[in-house]
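Reviewing the structure listed below.
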Amino acid sequence: MEHLVNVERVSKRYPLDHSFVTALDDASLRIRRGEFLAIAGPSGSGKSTLLNLIGCIDSPSAGRILIEGVDTTTLGPAQLADLRRLKLGFVFQTFNLIPVFTAWENVEYPLLLQRTPAGERRRRVAESLESVGLAERAGHRPDLLSGGERQRVAVARAIVQRPALVLADEPTANLDTRTATQLIDLMRELNRELGLTFLFSTHDQRLLDHTDRVVRLCDGKVVDDSTAKEESDAQVLAAGV
Amino acid sequence: MRKFLLLAFRNVFRNRRRTLMTLLVVSGGVAGLLLVGGFFSFMFAGLRENTIRNGLGHLQIYNALYFERDETRVLENGLDGSDKLTAILAGTPHVRGVAPRIEFYGMVSNGLKSSVYMATAVDPAKESGLGFATTLTEGRNLQDKSAGGNEALLGVGLARSLNVKPGDGLTLLAVTADGALNGIDVDVVGVVTTRVKEMDDRLLRITLPAAQRLLQSQRVTKLVVGLDSTDNTDRVYADMLPRLTGLGQPVTVKKWVELATYYHQVRLLFSGIFVFLGVIVFFMVVMSSANTLMMSMFERTREIGTMLAMGTPRSWLVGLFLLEAVLTGALAAVAGVATGSILGLLVNHAGIVLPPPPGNTAGLPLRVLHEPSLMLAAGLLVILTLALASLMPALRASRLRIVEALAHV
């Protein structure tokens, strides 16, 4: 089966003073459709870097990343923008809503970028806000919403165009336990009901407890991948048979 | 597009205090331009009509030779048959009247003292019929040629120099059309002023028959045509030309705009001053708004990063910043035009009179004309200027690296 995301021996180095810092070192990863996957690791382990690379908002120093079979390292800036607009949804740690837009308008924004017809836009925004339980708060601007509500608006914005992959960078980091748990449950529900693929970077154990799969990074290297290990074990067993 | 416009509009008012400051500075510039420009327009319009009313007229008819060669004798290049020409010209639509004139110079004496004069001989009835009023400081105007004898009006300076007043007599000397010296006695009936000292020191006006007797010629220097409106000058000029061909003498028609040298000099000078003011306002707007727009860009760095991450085309961001600048400019233009218009009305209502300009004796009223073309130009100037000022922050925003923008604090 073709994987949704295929990260092949990707490295990322940043220049620092007169040397380089390696944020990601020869990392490989495969993500299947419908997975609820977390990338875990301590601060500076390369979680956000890997997420940025998969999200096509940064480019690798080496290796390649394929999304739905398309090698993103060969695409130009405009093609990458198209790919992000059509295939990816983003949830940020600090919510990153457009402050002058209402919740409704924030959710509507990705559809405006895709020039979705007005009727279709209205239906999908209403549906997305309904699915995150914020239909009643649609007319409020972000500064009138709580942290949890803002993050739910961000989730609604990320899923409104039914992307192939939702990337969430530390989505619960700025939330209290109760709100974080509610958000995790919400995303899990969206994953199950809509079949959306979620990829998180987190070191929040509450979130890790709810994921199907955890990829652990340390010093830019993949040190543990439960599914990869299972696949490998399965291949060994098959070879033994 | 509507949402994009809405986003730009809301962004303009995101930091209200800063936007208000920008609007105050920019609209102040617009209002200032309108006040200065409106005052200059008032001066230009006043100067134009004064120039025309003070005797230049809208059109002047000369013998074609007048501009081709210098006269060795007075009226050598003058017009023959002025009555016939007047009748033809008077039949042209929009013509209010035609007044013949003779211009010459000579010596004037009171018996004790002599002085040089520059005389204009006129038909008083036709002159007043055209609204060519002289400003009397003493006495009365010249009377109709049939009633008047050898009457004269003197400029204030000339009258003072010769120590004469209305009722006194003077002797005028001039060289006739044949080259002989001739003289006539005239009665001073009034003293006039042009408000230009140099003119008032030499000015003398007599009736046309008196001048023709003095110069021994029936010719006139020119015919001055007055119209119902200055705006009709070009139209009448075009109508008049064919009527003046084949009359036995070549004639040339000059529009007021070709003859009003002083008007053009004044206009050129003040237009230069206005352009200089416009450049100052331009830089004022650029400096204040570029700083504001750049600050706005820095404050929104993370938001811009988010928009780019979601796949917003970079060209859209450039367009967004430009649109915000144009909206700010449009608001400033509206506020500036409103402020400028209100201030203009207040100034006009106040009846302020400025001190007389150099060489003039009367004060200059401070009035502001409300010119739609000036308002449009000032408005467009600030909109364009703000759009230009927004280019740098707009391009910077569009070139941000997404990862760095998202990490911006």
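Simple scheme: letters A, B, ... for chains in structure tokens order, numbers from 1 for residues in each chain, numbers from 1 for ligands in the order shown.
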
Closest atom pairs, residues of chain A within 9 Å of chain B, only C-alpha atoms, as a tab-separated table:
residue	atom	partner	partner_atom	distance
A:Asn52	CA	B:Val403	CA	7.4
A:Gly55	CA	B:Ala309	CA	8.2
A:Cys56	CA	B:Ala309	CA	8.2
A:Ile57	CA	B:Ile402	CA	5.9
A:Asp58	CA	B:Val403	CA	6.5
A:Ala78	CA	B:Pro313	CA	7.2
A:Leu80	CA	B:Gly311	CA	7.8
A:Ala81	CA	B:Gly311	CA	4.3
A:Asp82	CA	B:Gly311	CA	6.0
A:Leu83	CA	B:Gly311	CA	7.5
A:Arg84	CA	B:Gly311	CA	5.3
A:Arg85	CA	B:Gly311	CA	4.4
A:Leu86	CA	B:Gly311	CA	8.1
A:Leu88	CA	B:Met310	CA	7.8
A:Gly89	CA	B:Met310	CA	7.1
A:Phe90	CA	B:Met310	CA	7.1
A:Phe92	CA	B:Thr306	CA	8.8
A:Asn96	CA	B:Glu303	CA	6.4
A:Leu97	CA	B:Glu303	CA	7.5
A:Ile98	CA	B:Glu303	CA	6.5
A:Pro99	CA	B:Glu303	CA	8.6
A:Val100	CA	B:Arg10	CA	6.1
A:Phe101	CA	B:Leu7	CA	7.3
A:Glu105	CA	B:Lys3	CA	8.4
A:Tyr109	CA	B:Lys3	CA	8.8
A:Pro110	CA	B:Met310	CA	6.9
A:Leu112	CA	B:Lys3	CA	8.2
A:Leu113	CA	B:Thr312	CA	6.5
A:Ala158	CA	B:Met310	CA	8.8

For the selection you just gave me, I'd like the residues written to a file as a CSV table (one decimal), in the first residue's frame, keeping C-alpha atoms.
chain,number,residue,atom,x,y,z
A,52,ASN,CA,8.1,21.6,9.5
A,55,GLY,CA,4.6,20.4,6.4
A,56,CYS,CA,6.7,21.8,3.5
A,57,ILE,CA,7.4,25.0,5.3
A,58,ASP,CA,11.1,24.1,5.5
A,78,ALA,CA,4.5,28.2,-5.6
A,80,LEU,CA,4.7,23.9,-2.3
A,81,ALA,CA,2.2,26.6,-1.4
A,82,ASP,CA,-0.4,24.8,-3.6
A,83,LEU,CA,0.4,21.5,-1.9
A,84,ARG,CA,0.1,23.0,1.6
A,85,ARG,CA,-3.2,24.7,0.6
A,86,LEU,CA,-4.7,21.5,-0.8
A,88,LEU,CA,-2.2,19.9,4.6
A,89,GLY,CA,-3.8,21.4,7.6
A,90,PHE,CA,-1.9,23.1,10.5
A,92,PHE,CA,0.0,25.6,16.0
A,96,ASN,CA,-2.1,31.5,15.4
A,97,LEU,CA,-5.6,32.6,14.4
A,98,ILE,CA,-6.0,35.8,12.4
A,99,PRO,CA,-7.0,38.2,15.2
A,100,VAL,CA,-9.2,40.5,13.1
A,101,PHE,CA,-11.2,37.6,11.8
A,105,GLU,CA,-13.9,33.8,9.1
A,109,TYR,CA,-9.9,31.3,5.2
A,110,PRO,CA,-8.4,28.1,3.8
A,112,LEU,CA,-11.1,31.3,0.4
A,113,LEU,CA,-7.6,30.4,-0.7
A,158,ALA,CA,-7.1,22.8,9.8

Fill in: Secondary structure check, alpha helix (DSSP H) residues of region 23-229 of chain A, as number ranges by chain
A: 47-54, 77-87, 103-113, 118-131, 147-159, 177-194, 205-208, 226-229

Practice prompt. For region 204-215 of chain A, list every protein, DNA or RNA residue within 6 Å, evaluated using only C-alpha atoms, and leave out those in the same chain fewer than 2 positions away; present the list as a list of chain:residue names.
Written response: A:Phe36, A:Leu37, A:Ala38, A:Ile39, A:Thr202, A:Asp224, A:Asp225

Worksheet entry | Atomic distance CA of Thr51 (chain B) - CA of Met375 (chain B), expressed in Å with one decimal | 26.4 Å

Fill in: Long-range neighbours of Asp187 (chain B) as a VMD selection string, 9 Å cut-off, only C-alpha atoms, 4 positions minimum in chain
chain B and resid 149 to 153 166 to 171

With N, CA and C atoms kept, could you save the residues just selected as a JSON list (two decimals), in the first residue's frame?
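Ended up saving to again-v8.json:
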[["chain", "number", "residue", "atom", "x", "y", "z"],
["B", 149, "GLY", "N", -14.65, 116.60, -24.47],
["B", 149, "GLY", "CA", -13.67, 117.28, -25.29],
["B", 149, "GLY", "C", -12.35, 116.57, -25.12],
["B", 150, "ASN", "N", -11.27, 117.32, -24.90],
["B", 150, "ASN", "CA", -9.97, 116.72, -24.66],
["B", 150, "ASN", "C", -9.81, 116.44, -23.17],
["B", 151, "GLU", "N", -10.39, 115.31, -22.76],
["B", 151, "GLU", "CA", -10.34, 114.95, -21.34],
["B", 151, "GLU", "C", -9.23, 113.95, -21.10],
["B", 152, "ALA", "N", -8.69, 113.95, -19.89],
["B", 152, "ALA", "CA", -7.61, 113.00, -19.57],
["B", 152, "ALA", "C", -7.76, 112.48, -18.15],
["B", 153, "LEU", "N", -7.37, 111.21, -18.01],
["B", 153, "LEU", "CA", -7.24, 110.59, -16.68],
["B", 153, "LEU", "C", -5.75, 110.38, -16.46],
["B", 166, "PRO", "N", -8.17, 116.88, -10.47],
["B", 166, "PRO", "CA", -9.26, 117.06, -11.42],
["B", 166, "PRO", "C", -9.65, 118.54, -11.54],
["B", 167, "GLY", "N", -9.80, 118.95, -12.78],
["B", 167, "GLY", "CA", -10.13, 120.34, -13.02],
["B", 167, "GLY", "C", -8.95, 121.13, -13.55],
["B", 168, "ASP", "N", -7.73, 120.61, -13.34],
["B", 168, "ASP", "CA", -6.54, 121.29, -13.83],
["B", 168, "ASP", "C", -6.34, 120.99, -15.31],
["B", 169, "GLY", "N", -5.52, 121.81, -15.98],
["B", 169, "GLY", "CA", -5.22, 121.61, -17.38],
["B", 169, "GLY", "C", -3.78, 121.18, -17.58],
["B", 170, "LEU", "N", -3.55, 120.44, -18.67],
["B", 170, "LEU", "CA", -2.21, 119.96, -19.00],
["B", 170, "LEU", "C", -2.02, 120.05, -20.51],
["B", 171, "THR", "N", -0.78, 120.01, -20.95],
["B", 171, "THR", "CA", -0.50, 119.98, -22.38],
["B", 171, "THR", "C", 0.19, 118.66, -22.70]]

Discussion item. I need the strand (DSSP E) residues of region 55-199 of chain A per DSSP on the backbone, written as a ChimeraX atom specification.
Written reply: /A:62-67,70-71,88-91,165-169,197-199

Would you save the residues of that selection, restricted to N, CA and C atoms, as a CSV table (one decimal), in the first residue's frame?
chain,number,residue,atom,x,y,z
A,62,ALA,N,19.2,17.2,3.3
A,62,ALA,CA,19.5,15.9,2.5
A,62,ALA,C,18.3,15.0,2.7
A,63,GLY,N,18.2,14.1,1.8
A,63,GLY,CA,17.0,13.1,1.8
A,63,GLY,C,15.8,13.7,1.0
A,64,ARG,N,14.8,13.0,1.1
A,64,ARG,CA,13.6,13.5,0.4
A,64,ARG,C,12.3,13.1,1.1
A,65,ILE,N,11.3,13.8,0.9
A,65,ILE,CA,10.0,13.6,1.6
A,65,ILE,C,8.9,13.5,0.5
A,66,LEU,N,8.2,12.4,0.5
A,66,LEU,CA,7.1,12.2,-0.5
A,66,LEU,C,5.8,12.3,0.2
A,67,ILE,N,4.9,13.1,-0.4
A,67,ILE,CA,3.5,13.2,0.1
A,67,ILE,C,2.6,12.7,-1.0
A,70,VAL,N,4.4,12.3,-4.2
A,70,VAL,CA,5.0,13.5,-4.8
A,70,VAL,C,6.3,13.8,-4.0
A,71,ASP,N,7.4,13.9,-4.7
A,71,ASP,CA,8.6,14.3,-4.0
A,71,ASP,C,8.6,15.8,-3.8
A,88,LEU,N,-2.6,19.9,3.2
A,88,LEU,CA,-2.2,19.9,4.6
A,88,LEU,C,-3.0,20.9,5.4
A,89,GLY,N,-3.2,20.5,6.7
A,89,GLY,CA,-3.8,21.4,7.6
A,89,GLY,C,-2.9,21.6,8.8
A,90,PHE,N,-2.8,22.8,9.4
A,90,PHE,CA,-1.9,23.1,10.5
A,90,PHE,C,-2.6,23.5,11.7
A,91,VAL,N,-2.1,23.0,12.9
A,91,VAL,CA,-2.5,23.4,14.2
A,91,VAL,C,-1.2,23.8,14.9
A,165,LEU,N,-3.5,15.4,5.4
A,165,LEU,CA,-2.7,15.3,6.7
A,165,LEU,C,-2.9,16.6,7.5
A,166,VAL,N,-3.2,16.3,8.8
A,166,VAL,CA,-3.2,17.5,9.8
A,166,VAL,C,-1.9,17.4,10.6
A,167,LEU,N,-1.2,18.5,10.6
A,167,LEU,CA,0.1,18.6,11.4
A,167,LEU,C,-0.2,19.5,12.6
A,168,ALA,N,0.1,19.0,13.7
A,168,ALA,CA,-0.1,19.8,15.0
A,168,ALA,C,1.2,19.8,15.8
A,169,ASP,N,1.7,21.1,15.9
A,169,ASP,CA,2.9,21.2,16.7
A,169,ASP,C,2.6,21.6,18.1
A,197,THR,N,-5.8,12.0,8.9
A,197,THR,CA,-4.5,11.6,9.4
A,197,THR,C,-4.0,12.7,10.2
A,198,PHE,N,-3.6,12.4,11.5
A,198,PHE,CA,-3.1,13.4,12.4
A,198,PHE,C,-1.6,13.1,12.7
A,199,LEU,N,-0.8,14.1,12.6
A,199,LEU,CA,0.6,14.0,13.0
A,199,LEU,C,0.9,15.1,14.0

Fill in: Long-range neighbours of Leu154 (chain B) as a list in words, 6 Å cut-off, only C-alpha atoms, 6 positions minimum in chain
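These residues fall inside the cut-off: Val191, Leu203 and Leu204 of chain B.
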
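Distances here use only C-alpha atoms; by that measure, the residue among A:Ala27, A:Val21, A:Cys218, A:Val160 closest to Ser45 (chain A) is A:Cys218.
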
Worksheet item: Quick one, how far is CA of Leu345 (chain B) from CA of Gly28 (chain B)?
Response: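 CA of Leu345 (chain B) sits 16.1 Å away from CA of Gly28 (chain B).
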
Fill in: For region 40-45 of chain B: contacts at 7 Å, only C-alpha atoms, fewer than 2 positions along chain excluded, given as a ChimeraX atom specification
/B:36-38,47-49,267,270,367-369

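Separating CA of Met284 (chain B) from CA of Gly329 (chain B) is a distance of 13.2 Å.
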
Discussion item. Nearest residue to Ala103 (chain A) out of A:Asp185, A:Asp17, A:Asp26, A:Asp143, using only C-alpha atoms?
Written reply: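 Closest to Ala103 (chain A) of all the choices is A:Asp143.
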